[in-house]
Amino acid sequence: PRLANQIAAGEVVERPSSVIKELLENSLDSGARRIDVDVEQGGVKLLRVRDDGCGIAAEDLSLALARHATSKIRDLQDLERVMSLGFRGEALASIGSVSRLILTSRTVDASEAWQVESEGREMEARVQPAAHPIGTSVEVRDLFFNTPARRKFLRTEKTEFDHLQEIIRRLALAHFDVAFHLRHNGKVVLGLHEANDEGGRARRVGAVCGPAFLEQALPIDVERNGLRLWGWIGLPTFSRSQTDLQYFYVNGRAVRDKLVAHAVRQAYRDVLFNGRHPTFVLFFEVDPAAVDVNVHPTKHEVRFRDSRMVHDFLYGMLNRALADVRP
Ligand code: ADP
Ligand code: MG
């Protein structure tokens, strides 16, 4: 079964940023209000995520790591089937199979914390007492130490860290009510406090996207026929050379979608008449019954019941907002 884990890990764990994504999603699922991420050497040496969520009971700790060790994968056909599902429920097991992993946790009603460890294929079955406040820490050391072929694909420390930071940015914008703190090689890189009001949310956008974006962004908040669009649109005076600054969320979930991209690009182009790359942080809220966000678990696509209407709404609202500030 540990071999199956490693095969699975090839899919789910591509680089440090994919590990962080899984760990942060688990922390968010656990109801955490504060998440601390510690990274060393771009995440290859160490990735540690600590949260103050619900925790994992002692008797479930090994299970959380060993879930993949079921008889789920018996032959290649099974393997393909599981892969196509994106390995839901297998993330920790997969990560543990290609690293040295320590999982420490304490629930509200436990008088102490407990810990399990795994080292690549070897899993220490013993659950040991540990010191930890309510919540969970997952420590992942020496990623791919036992899969050198995979390790060879890693890029420079800076590149890996950039990817990782991007994952945190994207999630932090979707969860204003959760505090995020990120350190790299002992240095504080990101400190985001819980943001519960408009000012707090704007501050977070400034911290995540840079103060220059916020200063030259147009805030928007419009609603029509049960559709709401709010957030910030970067004005053409703001240009960002290197990375894309395009964050779009549908009902709180990060989405990269052709229809959405088209509507935004079109509005931008029609109003501003330049070839600039649009920059934005936008939240689209729609009746959950009118959208399917689970088209594919790992891709960020959505399917709208009435895509024409959504496209027209997005285009129309952005067009109007931008027209008001046309230079
Ligand atoms: P999945 O999240 O898809 O269930 P994972 O392998 O990511 O699969 O996690 C396995 C299980 O471990 C989760 O279902 C959850 O019960 C538990 N778990 C993992 N991380 C945390 C966490 N940070 N807080 C609480 N429970 C966690
Ligand atoms: Mg998970």
# chains A, B, ... in the order shown; residues from 1 in each chain; ligands from 1
>>> residues_near_ligand(ligand="ligand 1", cutoff="9 Å", atoms="only C-alpha atoms and all ligand atoms", output="PyMOL selection string")
chain A and resi 22-32+49-57+60-61+63-68+87-95+103+105+107+135-138
>>> write_last_selection(atoms="N, CA and C atoms", output="compact mmCIF listing (two decimals), in the first residue's frame")
# COMPACT_ATOMS: atom_id res chain seq x y z
N GLU A 22 -2.81 21.29 -0.09
CA GLU A 22 -3.56 20.24 0.62
C GLU A 22 -3.62 20.51 2.12
N LEU A 23 -2.49 20.92 2.69
CA LEU A 23 -2.45 21.16 4.14
C LEU A 23 -3.34 22.35 4.52
N LEU A 24 -3.29 23.41 3.72
CA LEU A 24 -4.12 24.57 4.04
C LEU A 24 -5.60 24.25 3.89
N GLU A 25 -5.93 23.48 2.88
CA GLU A 25 -7.34 23.12 2.71
C GLU A 25 -7.83 22.28 3.89
N ASN A 26 -6.98 21.41 4.38
CA ASN A 26 -7.35 20.64 5.58
C ASN A 26 -7.56 21.56 6.77
N SER A 27 -6.66 22.52 6.95
CA SER A 27 -6.78 23.45 8.07
C SER A 27 -8.06 24.27 7.95
N LEU A 28 -8.34 24.73 6.76
CA LEU A 28 -9.57 25.52 6.56
C LEU A 28 -10.80 24.66 6.82
N ASP A 29 -10.74 23.41 6.37
CA ASP A 29 -11.85 22.48 6.63
C ASP A 29 -12.07 22.29 8.13
N SER A 30 -11.00 22.39 8.89
CA SER A 30 -11.09 22.11 10.32
C SER A 30 -11.63 23.29 11.12
N GLY A 31 -11.97 24.36 10.42
CA GLY A 31 -12.55 25.51 11.09
C GLY A 31 -11.53 26.43 11.75
N ALA A 32 -10.31 26.38 11.28
CA ALA A 32 -9.24 27.20 11.87
C ALA A 32 -9.54 28.69 11.71
N VAL A 49 2.59 23.48 8.79
CA VAL A 49 1.33 24.21 8.86
C VAL A 49 0.70 23.93 10.21
N ARG A 50 0.47 25.01 10.94
CA ARG A 50 -0.15 24.86 12.25
C ARG A 50 -1.48 25.60 12.25
N ASP A 51 -2.52 24.95 12.75
CA ASP A 51 -3.81 25.63 12.82
C ASP A 51 -4.43 25.48 14.20
N ASP A 52 -5.47 26.28 14.43
CA ASP A 52 -6.19 26.21 15.71
C ASP A 52 -7.60 25.66 15.48
N GLY A 53 -7.68 24.73 14.55
CA GLY A 53 -8.97 24.14 14.20
C GLY A 53 -9.42 23.07 15.18
N CYS A 54 -10.31 22.21 14.72
CA CYS A 54 -10.98 21.25 15.61
C CYS A 54 -10.05 20.14 16.10
N GLY A 55 -8.93 19.95 15.41
CA GLY A 55 -8.02 18.89 15.83
C GLY A 55 -8.47 17.51 15.40
N ILE A 56 -7.61 16.53 15.64
CA ILE A 56 -7.91 15.15 15.29
C ILE A 56 -7.79 14.32 16.57
N ALA A 57 -8.77 13.51 16.83
CA ALA A 57 -8.74 12.68 18.04
C ALA A 57 -7.62 11.65 17.94
N ASP A 60 -7.91 8.67 15.81
CA ASP A 60 -8.03 8.87 14.36
C ASP A 60 -6.72 9.31 13.71
N LEU A 61 -5.72 9.55 14.53
CA LEU A 61 -4.47 10.12 13.99
C LEU A 61 -3.81 9.21 12.95
N LEU A 63 -5.09 6.87 11.31
CA LEU A 63 -6.01 6.73 10.19
C LEU A 63 -5.84 7.88 9.19
N ALA A 64 -5.67 9.07 9.72
CA ALA A 64 -5.53 10.24 8.85
C ALA A 64 -4.32 10.09 7.93
N LEU A 65 -3.28 9.42 8.44
CA LEU A 65 -2.07 9.23 7.64
C LEU A 65 -2.14 8.00 6.76
N ALA A 66 -2.90 7.04 7.18
CA ALA A 66 -2.85 5.74 6.53
C ALA A 66 -4.05 5.45 5.66
N ARG A 67 -4.84 6.47 5.46
CA ARG A 67 -6.10 6.22 4.78
C ARG A 67 -5.92 5.53 3.43
N HIS A 68 -4.80 5.87 2.80
CA HIS A 68 -4.60 5.30 1.48
C HIS A 68 -4.28 3.82 1.54
N PHE A 87 -7.62 11.91 -6.04
CA PHE A 87 -7.17 11.43 -4.74
C PHE A 87 -7.79 12.14 -3.56
N ARG A 88 -9.04 12.22 -3.56
CA ARG A 88 -9.68 12.83 -2.40
C ARG A 88 -9.55 11.89 -1.22
N GLY A 89 -9.23 12.46 -0.09
CA GLY A 89 -9.06 11.64 1.11
C GLY A 89 -7.72 10.94 1.15
N GLU A 90 -6.83 11.29 0.23
CA GLU A 90 -5.55 10.60 0.19
C GLU A 90 -4.37 11.55 0.33
N ALA A 91 -4.62 12.80 0.57
CA ALA A 91 -3.54 13.77 0.50
C ALA A 91 -2.47 13.50 1.56
N LEU A 92 -2.87 13.36 2.80
CA LEU A 92 -1.87 13.18 3.86
C LEU A 92 -1.06 11.90 3.65
N ALA A 93 -1.76 10.85 3.27
CA ALA A 93 -1.06 9.58 3.03
C ALA A 93 -0.06 9.74 1.89
N SER A 94 -0.48 10.43 0.85
CA SER A 94 0.41 10.62 -0.30
C SER A 94 1.62 11.46 0.09
N ILE A 95 1.38 12.54 0.80
CA ILE A 95 2.49 13.41 1.21
C ILE A 95 3.44 12.64 2.12
N LEU A 103 2.56 14.41 12.34
CA LEU A 103 1.22 14.96 12.52
C LEU A 103 0.94 15.05 14.02
N SER A 105 -1.70 16.72 17.01
CA SER A 105 -3.02 17.33 17.10
C SER A 105 -3.63 17.19 18.49
N THR A 107 -7.63 17.84 20.26
CA THR A 107 -9.01 18.29 20.14
C THR A 107 -9.42 19.06 21.39
N GLY A 135 -5.82 22.14 18.12
CA GLY A 135 -5.58 22.34 16.70
C GLY A 135 -4.60 21.30 16.19
N THR A 136 -4.07 21.55 15.01
CA THR A 136 -3.25 20.54 14.34
C THR A 136 -2.00 21.16 13.74
N SER A 137 -0.89 20.45 13.81
CA SER A 137 0.32 20.81 13.08
C SER A 137 0.73 19.66 12.19
N VAL A 138 1.03 19.97 10.98
CA VAL A 138 1.60 18.97 10.08
C VAL A 138 2.97 19.47 9.67
>>> select_by_dssp(residues="range 93-313 of chain A", states="strand (DSSP E)", output="mmCIF file with N, CA and C atoms, in the first residue's frame")
data_model
loop_
_atom_site.group_PDB
_atom_site.id
_atom_site.type_symbol
_atom_site.label_atom_id
_atom_site.label_comp_id
_atom_site.auth_asym_id
_atom_site.auth_seq_id
_atom_site.Cartn_x
_atom_site.Cartn_y
_atom_site.Cartn_z
ATOM 1 N N ARG A 100 9.289 13.076 5.311
ATOM 2 C CA ARG A 100 9.259 12.711 6.730
ATOM 3 C C ARG A 100 8.184 13.571 7.353
ATOM 4 N N LEU A 101 7.109 12.931 7.771
ATOM 5 C CA LEU A 101 5.929 13.685 8.188
ATOM 6 C C LEU A 101 5.606 13.453 9.665
ATOM 7 N N ILE A 102 5.321 14.536 10.350
ATOM 8 C CA ILE A 102 4.872 14.429 11.739
ATOM 9 C C ILE A 102 3.532 15.137 11.855
ATOM 10 N N LEU A 103 2.557 14.412 12.344
ATOM 11 C CA LEU A 103 1.222 14.963 12.517
ATOM 12 C C LEU A 103 0.935 15.047 14.017
ATOM 13 N N THR A 104 0.683 16.252 14.490
ATOM 14 C CA THR A 104 0.432 16.459 15.915
ATOM 15 C C THR A 104 -0.903 17.170 16.064
ATOM 16 N N SER A 105 -1.699 16.725 17.015
ATOM 17 C CA SER A 105 -3.016 17.330 17.103
ATOM 18 C C SER A 105 -3.630 17.190 18.487
ATOM 19 N N ARG A 106 -4.522 18.105 18.759
ATOM 20 C CA ARG A 106 -5.247 18.045 20.018
ATOM 21 C C ARG A 106 -6.659 18.581 19.796
ATOM 22 N N ALA A 113 -2.100 16.523 23.734
ATOM 23 C CA ALA A 113 -1.967 16.349 22.291
ATOM 24 C C ALA A 113 -1.312 15.006 21.989
ATOM 25 N N TRP A 114 -1.512 14.540 20.764
ATOM 26 C CA TRP A 114 -0.942 13.263 20.334
ATOM 27 C C TRP A 114 -0.280 13.438 18.985
ATOM 28 N N GLN A 115 0.609 12.505 18.696
ATOM 29 C CA GLN A 115 1.455 12.663 17.521
ATOM 30 C C GLN A 115 1.705 11.330 16.824
ATOM 31 N N VAL A 116 1.719 11.353 15.504
ATOM 32 C CA VAL A 116 2.165 10.185 14.733
ATOM 33 C C VAL A 116 3.205 10.643 13.713
ATOM 34 N N GLU A 117 4.051 9.714 13.329
ATOM 35 C CA GLU A 117 5.119 10.043 12.388
ATOM 36 C C GLU A 117 5.158 9.039 11.254
ATOM 37 N N SER A 118 5.610 9.501 10.119
ATOM 38 C CA SER A 118 5.920 8.549 9.058
ATOM 39 C C SER A 118 7.162 9.028 8.339
ATOM 40 N N GLU A 119 7.880 8.060 7.800
ATOM 41 C CA GLU A 119 9.094 8.405 7.074
ATOM 42 C C GLU A 119 9.080 7.636 5.772
ATOM 43 N N GLU A 122 7.926 3.987 5.556
ATOM 44 C CA GLU A 122 7.800 3.464 6.925
ATOM 45 C C GLU A 122 6.881 4.359 7.744
ATOM 46 N N MET A 123 5.902 3.741 8.313
ATOM 47 C CA MET A 123 5.048 4.509 9.187
ATOM 48 C C MET A 123 5.183 4.001 10.612
ATOM 49 N N GLU A 124 5.429 4.933 11.511
ATOM 50 C CA GLU A 124 5.521 4.599 12.929
ATOM 51 C C GLU A 124 4.092 4.487 13.442
ATOM 52 N N ALA A 125 3.704 3.261 13.775
ATOM 53 C CA ALA A 125 2.305 3.029 14.115
ATOM 54 C C ALA A 125 1.933 3.643 15.466
ATOM 55 N N ARG A 126 2.951 3.861 16.302
ATOM 56 C CA ARG A 126 2.694 4.313 17.650
ATOM 57 C C ARG A 126 2.167 5.751 17.693
ATOM 58 N N VAL A 127 1.159 5.954 18.494
ATOM 59 C CA VAL A 127 0.663 7.300 18.726
ATOM 60 C C VAL A 127 1.248 7.759 20.054
ATOM 61 N N GLN A 128 1.994 8.854 19.999
ATOM 62 C CA GLN A 128 2.694 9.296 21.202
ATOM 63 C C GLN A 128 2.131 10.601 21.741
ATOM 64 N N PRO A 129 2.220 10.791 23.043
ATOM 65 C CA PRO A 129 1.789 12.073 23.590
ATOM 66 C C PRO A 129 2.728 13.190 23.136
ATOM 67 N N ALA A 130 2.200 14.385 23.029
ATOM 68 C CA ALA A 130 3.013 15.508 22.563
ATOM 69 C C ALA A 130 2.483 16.794 23.175
ATOM 70 N N GLY A 135 -5.824 22.137 18.115
ATOM 71 C CA GLY A 135 -5.575 22.339 16.699
ATOM 72 C C GLY A 135 -4.596 21.298 16.187
ATOM 73 N N THR A 136 -4.073 21.555 15.012
ATOM 74 C CA THR A 136 -3.247 20.545 14.344
ATOM 75 C C THR A 136 -1.997 21.164 13.737
ATOM 76 N N SER A 137 -0.886 20.451 13.815
ATOM 77 C CA SER A 137 0.320 20.812 13.075
ATOM 78 C C SER A 137 0.725 19.659 12.185
ATOM 79 N N VAL A 138 1.029 19.975 10.976
ATOM 80 C CA VAL A 138 1.596 18.973 10.080
ATOM 81 C C VAL A 138 2.970 19.474 9.673
ATOM 82 N N GLU A 139 3.973 18.656 9.951
ATOM 83 C CA GLU A 139 5.336 19.021 9.604
ATOM 84 C C GLU A 139 5.830 18.078 8.526
ATOM 85 N N VAL A 140 6.228 18.644 7.427
ATOM 86 C CA VAL A 140 6.696 17.840 6.301
ATOM 87 C C VAL A 140 8.147 18.201 6.028
ATOM 88 N N ARG A 141 9.041 17.259 6.275
ATOM 89 C CA ARG A 141 10.464 17.509 6.062
ATOM 90 C C ARG A 141 10.993 16.701 4.886
ATOM 91 N N ALA A 179 -6.826 34.298 9.893
ATOM 92 C CA ALA A 179 -5.508 34.944 9.907
ATOM 93 C C ALA A 179 -4.468 33.991 9.308
ATOM 94 N N PHE A 180 -3.603 34.535 8.476
ATOM 95 C CA PHE A 180 -2.536 33.731 7.859
ATOM 96 C C PHE A 180 -1.188 34.369 8.156
ATOM 97 N N HIS A 181 -0.246 33.542 8.554
ATOM 98 C CA HIS A 181 1.105 34.034 8.785
ATOM 99 C C HIS A 181 2.083 33.103 8.082
ATOM 100 N N LEU A 182 2.995 33.700 7.348
ATOM 101 C CA LEU A 182 3.941 32.900 6.588
ATOM 102 C C LEU A 182 5.366 33.336 6.879
ATOM 103 N N ARG A 183 6.214 32.361 7.183
ATOM 104 C CA ARG A 183 7.632 32.648 7.369
ATOM 105 C C ARG A 183 8.457 31.788 6.424
ATOM 106 N N HIS A 184 9.485 32.403 5.872
ATOM 107 C CA HIS A 184 10.403 31.650 5.022
ATOM 108 C C HIS A 184 11.814 31.804 5.564
ATOM 109 N N LYS A 187 12.157 34.220 8.354
ATOM 110 C CA LYS A 187 11.767 35.614 8.132
ATOM 111 C C LYS A 187 10.275 35.703 7.854
ATOM 112 N N VAL A 188 9.604 36.685 8.498
ATOM 113 C CA VAL A 188 8.172 36.857 8.263
ATOM 114 C C VAL A 188 7.950 37.418 6.856
ATOM 115 N N VAL A 189 7.145 36.719 6.077
ATOM 116 C CA VAL A 189 6.904 37.129 4.692
ATOM 117 C C VAL A 189 5.502 37.701 4.533
ATOM 118 N N LEU A 190 4.576 37.148 5.287
ATOM 119 C CA LEU A 190 3.182 37.565 5.160
ATOM 120 C C LEU A 190 2.536 37.487 6.536
ATOM 121 N N GLY A 191 1.863 38.570 6.925
ATOM 122 C CA GLY A 191 1.134 38.556 8.190
ATOM 123 C C GLY A 191 -0.242 39.132 7.957
ATOM 124 N N LEU A 192 -1.223 38.274 7.873
ATOM 125 C CA LEU A 192 -2.574 38.729 7.565
ATOM 126 C C LEU A 192 -3.475 38.498 8.757
ATOM 127 N N ALA A 217 -6.711 50.723 -7.831
ATOM 128 C CA ALA A 217 -7.788 49.801 -8.167
ATOM 129 C C ALA A 217 -9.133 50.472 -7.915
ATOM 130 N N LEU A 218 -10.061 50.069 -8.704
ATOM 131 C CA LEU A 218 -11.419 50.582 -8.561
ATOM 132 C C LEU A 218 -12.238 49.566 -7.767
ATOM 133 N N PRO A 219 -12.744 49.993 -6.598
ATOM 134 C CA PRO A 219 -13.597 49.049 -5.876
ATOM 135 C C PRO A 219 -14.947 48.924 -6.581
ATOM 136 N N ILE A 220 -15.488 47.748 -6.551
ATOM 137 C CA ILE A 220 -16.785 47.546 -7.207
ATOM 138 C C ILE A 220 -17.659 46.686 -6.296
ATOM 139 N N ASP A 221 -18.944 46.965 -6.291
ATOM 140 C CA ASP A 221 -19.885 46.120 -5.550
ATOM 141 C C ASP A 221 -21.267 46.327 -6.149
ATOM 142 N N VAL A 222 -21.663 45.416 -6.991
ATOM 143 C CA VAL A 222 -22.943 45.573 -7.686
ATOM 144 C C VAL A 222 -23.760 44.291 -7.561
ATOM 145 N N GLU A 223 -25.058 44.483 -7.610
ATOM 146 C CA GLU A 223 -25.939 43.339 -7.464
ATOM 147 C C GLU A 223 -27.125 43.506 -8.408
ATOM 148 N N ARG A 224 -27.469 42.417 -9.042
ATOM 149 C CA ARG A 224 -28.652 42.475 -9.901
ATOM 150 C C ARG A 224 -29.186 41.069 -10.134
ATOM 151 N N LEU A 227 -27.496 38.199 -8.576
ATOM 152 C CA LEU A 227 -26.075 38.024 -8.853
ATOM 153 C C LEU A 227 -25.331 39.196 -8.245
ATOM 154 N N ARG A 228 -24.249 38.903 -7.557
ATOM 155 C CA ARG A 228 -23.470 39.981 -6.961
ATOM 156 C C ARG A 228 -22.012 39.868 -7.386
ATOM 157 N N LEU A 229 -21.442 41.015 -7.700
ATOM 158 C CA LEU A 229 -20.027 41.067 -8.046
ATOM 159 C C LEU A 229 -19.376 42.154 -7.212
ATOM 160 N N TRP A 230 -18.368 41.768 -6.438
ATOM 161 C CA TRP A 230 -17.667 42.776 -5.647
ATOM 162 C C TRP A 230 -16.169 42.498 -5.644
ATOM 163 N N GLY A 231 -15.437 43.537 -5.348
ATOM 164 C CA GLY A 231 -13.986 43.372 -5.314
ATOM 165 C C GLY A 231 -13.278 44.588 -5.861
ATOM 166 N N TRP A 232 -12.149 44.367 -6.513
ATOM 167 C CA TRP A 232 -11.292 45.454 -6.976
ATOM 168 C C TRP A 232 -10.830 45.160 -8.399
ATOM 169 N N ILE A 233 -10.899 46.211 -9.229
ATOM 170 C CA ILE A 233 -10.390 46.084 -10.596
ATOM 171 C C ILE A 233 -9.197 47.015 -10.743
ATOM 172 N N GLY A 234 -8.079 46.485 -11.161
ATOM 173 C CA GLY A 234 -6.885 47.306 -11.343
ATOM 174 C C GLY A 234 -7.071 48.244 -12.521
ATOM 175 N N GLN A 246 -4.722 38.100 -11.183
ATOM 176 C CA GLN A 246 -6.103 37.845 -11.598
ATOM 177 C C GLN A 246 -6.703 36.808 -10.653
ATOM 178 N N TYR A 247 -7.497 37.307 -9.746
ATOM 179 C CA TYR A 247 -8.143 36.416 -8.783
ATOM 180 C C TYR A 247 -9.646 36.518 -8.954
ATOM 181 N N PHE A 248 -10.251 35.408 -9.218
ATOM 182 C CA PHE A 248 -11.703 35.404 -9.393
ATOM 183 C C PHE A 248 -12.281 34.248 -8.582
ATOM 184 N N TYR A 249 -13.264 34.579 -7.771
ATOM 185 C CA TYR A 249 -13.861 33.575 -6.884
ATOM 186 C C TYR A 249 -15.352 33.451 -7.173
ATOM 187 N N VAL A 250 -15.813 32.252 -7.266
ATOM 188 C CA VAL A 250 -17.242 32.016 -7.398
ATOM 189 C C VAL A 250 -17.720 31.383 -6.097
ATOM 190 N N ARG A 253 -14.901 30.291 -3.969
ATOM 191 C CA ARG A 253 -13.959 29.301 -4.474
ATOM 192 C C ARG A 253 -13.191 29.851 -5.664
ATOM 193 N N ALA A 254 -11.873 29.713 -5.613
ATOM 194 C CA ALA A 254 -11.031 30.242 -6.689
ATOM 195 C C ALA A 254 -11.334 29.512 -7.991
ATOM 196 N N PHE A 280 -7.241 42.016 -11.363
ATOM 197 C CA PHE A 280 -8.467 42.095 -10.568
ATOM 198 C C PHE A 280 -8.478 41.099 -9.421
ATOM 199 N N VAL A 281 -9.255 41.466 -8.413
ATOM 200 C CA VAL A 281 -9.624 40.549 -7.333
ATOM 201 C C VAL A 281 -11.140 40.648 -7.268
ATOM 202 N N LEU A 282 -11.825 39.647 -7.750
ATOM 203 C CA LEU A 282 -13.276 39.752 -7.873
ATOM 204 C C LEU A 282 -13.979 38.550 -7.261
ATOM 205 N N PHE A 283 -15.068 38.852 -6.594
ATOM 206 C CA PHE A 283 -15.879 37.821 -5.951
ATOM 207 C C PHE A 283 -17.256 37.826 -6.583
ATOM 208 N N PHE A 284 -17.609 36.711 -7.138
ATOM 209 C CA PHE A 284 -18.905 36.583 -7.799
ATOM 210 C C PHE A 284 -19.769 35.674 -6.933
ATOM 211 N N GLU A 285 -20.931 36.185 -6.578
ATOM 212 C CA GLU A 285 -21.814 35.378 -5.744
ATOM 213 C C GLU A 285 -23.112 35.105 -6.478
ATOM 214 N N VAL A 291 -24.903 26.947 -10.178
ATOM 215 C CA VAL A 291 -23.522 26.749 -10.594
ATOM 216 C C VAL A 291 -23.007 25.409 -10.091
ATOM 217 N N ASP A 292 -22.215 24.746 -10.915
ATOM 218 C CA ASP A 292 -21.577 23.500 -10.508
ATOM 219 C C ASP A 292 -20.078 23.766 -10.401
ATOM 220 N N ARG A 303 -19.241 25.410 -13.974
ATOM 221 C CA ARG A 303 -20.247 25.352 -15.031
ATOM 222 C C ARG A 303 -21.483 26.084 -14.531
ATOM 223 N N PHE A 304 -21.851 27.132 -15.249
ATOM 224 C CA PHE A 304 -23.028 27.895 -14.856
ATOM 225 C C PHE A 304 -24.245 27.358 -15.596
#
>>> atom_distance(atom1="CA of Phe145 in chain A", atom2="CA of Gln165 in chain A")
22.3 Å
>>> residues_around(residues="Phe153 in chain A", least_positions_apart="4", cutoff="10 Å", atoms="only C-alpha atoms", output="ChimeraX atom specification")
/A:14-15,148-149
>>> write_last_selection(atoms="all heavy atoms", output="PDB file, in the first residue's frame")
ATOM      1  N   GLU A  14       3.252  17.366  -6.453  1.00  0.00           N
ATOM      2  CA  GLU A  14       4.146  17.655  -7.550  1.00  0.00           C
ATOM      3  C   GLU A  14       5.338  18.460  -7.066  1.00  0.00           C
ATOM      4  O   GLU A  14       6.448  18.306  -7.536  1.00  0.00           O
ATOM      5  CB  GLU A  14       3.358  18.438  -8.601  1.00  0.00           C
ATOM      6  CG  GLU A  14       4.003  18.498  -9.942  1.00  0.00           C
ATOM      7  CD  GLU A  14       3.348  19.539 -10.820  1.00  0.00           C
ATOM      8  OE1 GLU A  14       2.169  19.874 -10.566  1.00  0.00           O
ATOM      9  OE2 GLU A  14       4.013  20.054 -11.721  1.00  0.00           O
ATOM     10  N   ARG A  15       5.066  19.334  -6.096  1.00  0.00           N
ATOM     11  CA  ARG A  15       6.093  20.242  -5.595  1.00  0.00           C
ATOM     12  C   ARG A  15       5.611  20.806  -4.256  1.00  0.00           C
ATOM     13  O   ARG A  15       4.480  20.557  -3.861  1.00  0.00           O
ATOM     14  CB  ARG A  15       6.320  21.353  -6.609  1.00  0.00           C
ATOM     15  CG  ARG A  15       5.034  22.134  -6.912  1.00  0.00           C
ATOM     16  CD  ARG A  15       5.069  22.877  -8.220  1.00  0.00           C
ATOM     17  NE  ARG A  15       6.395  23.389  -8.476  1.00  0.00           N
ATOM     18  CZ  ARG A  15       6.771  23.913  -9.642  1.00  0.00           C
ATOM     19  NH1 ARG A  15       5.903  24.004 -10.621  1.00  0.00           N
ATOM     20  NH2 ARG A  15       7.984  24.354  -9.801  1.00  0.00           N
ATOM     21  N   PRO A 148      14.185  10.356  -5.708  1.00  0.00           N
ATOM     22  CA  PRO A 148      15.134  11.312  -6.302  1.00  0.00           C
ATOM     23  C   PRO A 148      14.723  11.794  -7.699  1.00  0.00           C
ATOM     24  O   PRO A 148      14.987  12.944  -8.050  1.00  0.00           O
ATOM     25  CB  PRO A 148      16.449  10.534  -6.356  1.00  0.00           C
ATOM     26  CG  PRO A 148      16.166   9.161  -5.880  1.00  0.00           C
ATOM     27  CD  PRO A 148      14.796   9.091  -5.334  1.00  0.00           C
ATOM     28  N   ALA A 149      14.043  10.937  -8.449  1.00  0.00           N
ATOM     29  CA  ALA A 149      13.637  11.339  -9.796  1.00  0.00           C
ATOM     30  C   ALA A 149      12.711  12.556  -9.724  1.00  0.00           C
ATOM     31  O   ALA A 149      12.821  13.515 -10.488  1.00  0.00           O
ATOM     32  CB  ALA A 149      12.936  10.183 -10.502  1.00  0.00           C
TER      33      ALA A 149
END
>>> atom_distance(atom1="CA of Val39 in chain A", atom2="CA of Pro16 in chain A")
9.5 Å
>>> atom_distance(atom1="CA of Pro211 in chain A", atom2="CA of Ile168 in chain A")
17.6 Å
>>> select_by_dssp(residues="range 156-200 of chain A", states="alpha helix (DSSP H)", output="list in words")
Glu157, Lys158, Thr159, Glu160, Phe161, Asp162, His163, Leu164, Gln165, Glu166, Ile167, Ile168, Arg169, Arg170, Leu171, Ala172, Leu173, Ala174, Glu198, Gly199 and Gly200 of chain A
>>> residues_around(residues="Glu194 in chain A", least_positions_apart="4", cutoff="12 Å", atoms="only C-alpha atoms", output="MDAnalysis selection string")
chainID A and resid 32:35 172:173 175:181 198:204
>>> closest_residue(among="A:Ile167, A:Leu259, A:Val325, A:Leu272", to="Met309 in chain A", atoms="only C-alpha atoms")
A:Leu259
